[in-house]
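K.L.:
First, the structure itself, so that you have it in front of you.
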Amino acid sequence: MRQGIANARINPEVAQMIYDARMKVGLSQRELAEMVGSRQSVIARLEDADYRGHSLSMLQRIGNALGQRLELRFISMGRRGPRQAGEEVRPKRELRRA
């Protein structure tokens, strides 16, 4: 059940993040779409809370267009293991492209 709740929250959160980031820099959906080489309808879909097709490559393109870096984290969902519930799991080192 927790898995279902977590999955149901991620899409609206991503949609809201895209919207907030776009609004913060004062761009319309059409302007952002042009910057990432897409169409306004694609940006509208990405900002829809019910959309389930967010791709990492598109999120990175949006981040780059907005002068931001995409950051992903794994966070414990409360299962027993070496980490406490809610504790953030961070990589020991950053992976960089050559």
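Ordering of the structure tokens sets the chain letters (A, B, ...); residue numbers start at 1 within each chain; ligands are numbered from 1 in the order shown.
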List the neighbours of segment 42-47 of chain A out to 12 Å using only C-alpha atoms; skip same-chain residues closer than 5 positions along the sequence, and give me the result as a VMD selection string.
P.N.:
chain A and resid 11 to 23 27 to 37 52 to 56 58 to 59 61 to 62
K.L.:
Since we have the selection now, will you write its residues out, keeping C-alpha atoms, as a PDB file, in the first residue's frame?
P.N.:
ATOM      1  CA  ASN A  11       3.781  12.335 -10.762  1.00  0.00           C
ATOM      2  CA  PRO A  12       2.000  15.371  -9.295  1.00  0.00           C
ATOM      3  CA  GLU A  13       5.216  16.364  -7.500  1.00  0.00           C
ATOM      4  CA  VAL A  14       7.256  16.224 -10.721  1.00  0.00           C
ATOM      5  CA  ALA A  15       4.564  18.134 -12.615  1.00  0.00           C
ATOM      6  CA  GLN A  16       4.520  20.824  -9.916  1.00  0.00           C
ATOM      7  CA  MET A  17       8.322  21.061  -9.896  1.00  0.00           C
ATOM      8  CA  ILE A  18       8.381  21.655 -13.650  1.00  0.00           C
ATOM      9  CA  TYR A  19       5.645  24.280 -13.406  1.00  0.00           C
ATOM     10  CA  ASP A  20       7.281  26.057 -10.454  1.00  0.00           C
ATOM     11  CA  ALA A  21      10.714  26.110 -12.108  1.00  0.00           C
ATOM     12  CA  ARG A  22       9.259  27.469 -15.364  1.00  0.00           C
ATOM     13  CA  MET A  23       7.255  30.156 -13.583  1.00  0.00           C
ATOM     14  CA  LEU A  27       8.732  31.469 -19.252  1.00  0.00           C
ATOM     15  CA  SER A  28       5.570  30.392 -21.012  1.00  0.00           C
ATOM     16  CA  GLN A  29       5.083  26.743 -21.904  1.00  0.00           C
ATOM     17  CA  ARG A  30       5.772  27.618 -25.540  1.00  0.00           C
ATOM     18  CA  GLU A  31       9.034  29.406 -24.689  1.00  0.00           C
ATOM     19  CA  LEU A  32      10.277  26.485 -22.583  1.00  0.00           C
ATOM     20  CA  ALA A  33       9.281  24.051 -25.315  1.00  0.00           C
ATOM     21  CA  GLU A  34      11.331  25.990 -27.864  1.00  0.00           C
ATOM     22  CA  MET A  35      14.324  25.950 -25.523  1.00  0.00           C
ATOM     23  CA  VAL A  36      14.209  22.160 -25.132  1.00  0.00           C
ATOM     24  CA  GLY A  37      13.370  21.447 -28.776  1.00  0.00           C
ATOM     25  CA  ARG A  52       2.999   9.225 -15.914  1.00  0.00           C
ATOM     26  CA  GLY A  53       5.576   9.430 -18.693  1.00  0.00           C
ATOM     27  CA  HIS A  54       8.259  11.751 -17.295  1.00  0.00           C
ATOM     28  CA  SER A  55      11.647  10.759 -18.664  1.00  0.00           C
ATOM     29  CA  LEU A  56      14.992  11.572 -17.119  1.00  0.00           C
ATOM     30  CA  MET A  58      13.456  15.369 -20.782  1.00  0.00           C
ATOM     31  CA  LEU A  59      13.773  16.451 -17.143  1.00  0.00           C
ATOM     32  CA  ARG A  61      16.768  19.054 -20.871  1.00  0.00           C
ATOM     33  CA  ILE A  62      14.292  21.186 -18.929  1.00  0.00           C
TER      34      ILE A  62
END
K.L.:
Taking the DSSP assignment computed from this structure's backbone, write out as an NGL selection string all residues of segment 14-81 of chain A that belong to alpha helix (DSSP H).
P.N.:
:A and (14-24 or 29-36 or 40-46 or 56-65)
K.L.:
Produce a file of the selected residues containing N, CA and C atoms, as a compact mmCIF listing (two decimals), in the first residue's frame.
P.N.:
# COMPACT_ATOMS: atom_id res chain seq x y z
N VAL A 14 6.40 15.89 -9.58
CA VAL A 14 7.26 16.22 -10.72
C VAL A 14 6.59 17.30 -11.57
N ALA A 15 5.30 17.14 -11.83
CA ALA A 15 4.56 18.13 -12.62
C ALA A 15 4.64 19.51 -11.95
N GLN A 16 4.47 19.55 -10.64
CA GLN A 16 4.52 20.82 -9.92
C GLN A 16 5.92 21.42 -9.95
N MET A 17 6.93 20.57 -9.85
CA MET A 17 8.32 21.06 -9.90
C MET A 17 8.62 21.71 -11.24
N ILE A 18 8.16 21.09 -12.32
CA ILE A 18 8.38 21.66 -13.65
C ILE A 18 7.67 23.01 -13.76
N TYR A 19 6.42 23.03 -13.35
CA TYR A 19 5.65 24.28 -13.41
C TYR A 19 6.31 25.38 -12.58
N ASP A 20 6.67 25.06 -11.34
CA ASP A 20 7.28 26.06 -10.45
C ASP A 20 8.59 26.59 -11.02
N ALA A 21 9.42 25.69 -11.55
CA ALA A 21 10.71 26.11 -12.11
C ALA A 21 10.51 27.01 -13.32
N ARG A 22 9.55 26.66 -14.17
CA ARG A 22 9.26 27.47 -15.36
C ARG A 22 8.74 28.84 -14.97
N MET A 23 7.83 28.88 -14.01
CA MET A 23 7.26 30.16 -13.58
C MET A 23 8.30 31.04 -12.90
N LYS A 24 9.21 30.43 -12.17
CA LYS A 24 10.23 31.18 -11.45
C LYS A 24 11.09 32.01 -12.41
N GLN A 29 4.87 28.13 -21.47
CA GLN A 29 5.08 26.74 -21.90
C GLN A 29 5.70 26.71 -23.29
N ARG A 30 5.24 27.57 -24.16
CA ARG A 30 5.77 27.62 -25.54
C ARG A 30 7.26 28.00 -25.55
N GLU A 31 7.63 28.98 -24.74
CA GLU A 31 9.03 29.41 -24.69
C GLU A 31 9.93 28.29 -24.16
N LEU A 32 9.49 27.60 -23.11
CA LEU A 32 10.28 26.48 -22.58
C LEU A 32 10.38 25.37 -23.62
N ALA A 33 9.27 25.09 -24.29
CA ALA A 33 9.28 24.05 -25.32
C ALA A 33 10.31 24.36 -26.40
N GLU A 34 10.36 25.60 -26.84
CA GLU A 34 11.33 25.99 -27.86
C GLU A 34 12.75 25.79 -27.36
N MET A 35 12.97 26.08 -26.09
CA MET A 35 14.32 25.95 -25.52
C MET A 35 14.78 24.50 -25.42
N VAL A 36 13.83 23.57 -25.25
CA VAL A 36 14.21 22.16 -25.13
C VAL A 36 13.98 21.39 -26.42
N GLN A 40 4.75 23.07 -27.22
CA GLN A 40 4.02 23.54 -26.04
C GLN A 40 3.16 22.44 -25.45
N SER A 41 2.55 21.62 -26.28
CA SER A 41 1.66 20.56 -25.79
C SER A 41 2.43 19.53 -24.96
N VAL A 42 3.70 19.33 -25.26
CA VAL A 42 4.52 18.40 -24.48
C VAL A 42 4.76 18.96 -23.08
N ILE A 43 5.07 20.25 -23.01
CA ILE A 43 5.28 20.88 -21.70
C ILE A 43 3.99 20.86 -20.90
N ALA A 44 2.87 21.12 -21.54
CA ALA A 44 1.57 21.06 -20.85
C ALA A 44 1.32 19.67 -20.29
N ARG A 45 1.64 18.65 -21.06
CA ARG A 45 1.47 17.27 -20.60
C ARG A 45 2.38 16.98 -19.41
N LEU A 46 3.62 17.44 -19.47
CA LEU A 46 4.57 17.20 -18.37
C LEU A 46 4.11 17.89 -17.09
N LEU A 56 13.83 10.88 -17.66
CA LEU A 56 14.99 11.57 -17.12
C LEU A 56 15.63 12.48 -18.15
N SER A 57 15.68 12.04 -19.39
CA SER A 57 16.32 12.88 -20.41
C SER A 57 15.56 14.18 -20.62
N MET A 58 14.23 14.13 -20.62
CA MET A 58 13.46 15.37 -20.78
C MET A 58 13.60 16.25 -19.55
N LEU A 59 13.59 15.66 -18.36
CA LEU A 59 13.77 16.45 -17.14
C LEU A 59 15.15 17.12 -17.14
N GLN A 60 16.17 16.44 -17.63
CA GLN A 60 17.50 17.04 -17.72
C GLN A 60 17.51 18.17 -18.74
N ARG A 61 16.84 17.99 -19.86
CA ARG A 61 16.77 19.05 -20.87
C ARG A 61 16.07 20.29 -20.30
N ILE A 62 15.00 20.07 -19.55
CA ILE A 62 14.29 21.19 -18.93
C ILE A 62 15.20 21.87 -17.91
N GLY A 63 15.86 21.09 -17.07
CA GLY A 63 16.78 21.66 -16.10
C GLY A 63 17.87 22.48 -16.76
N ASN A 64 18.46 21.96 -17.81
CA ASN A 64 19.50 22.69 -18.54
C ASN A 64 18.95 24.00 -19.11
N ALA A 65 17.77 23.94 -19.69
CA ALA A 65 17.17 25.14 -20.28
C ALA A 65 16.90 26.20 -19.21
K.L.:
Find the distance between atom CA of Ser38 of chain A and atom CA of Phe74 of chain A and write it in Å to one decimal.
P.N.:
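These atoms are spaced 29.1 Å apart.
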K.L.:
Calculate how many Å separate atom CA of Arg73 of chain A from atom CA of Ile10 of chain A, rounding to one decimal.
P.N.:
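Those two atoms sit 12.6 Å apart.
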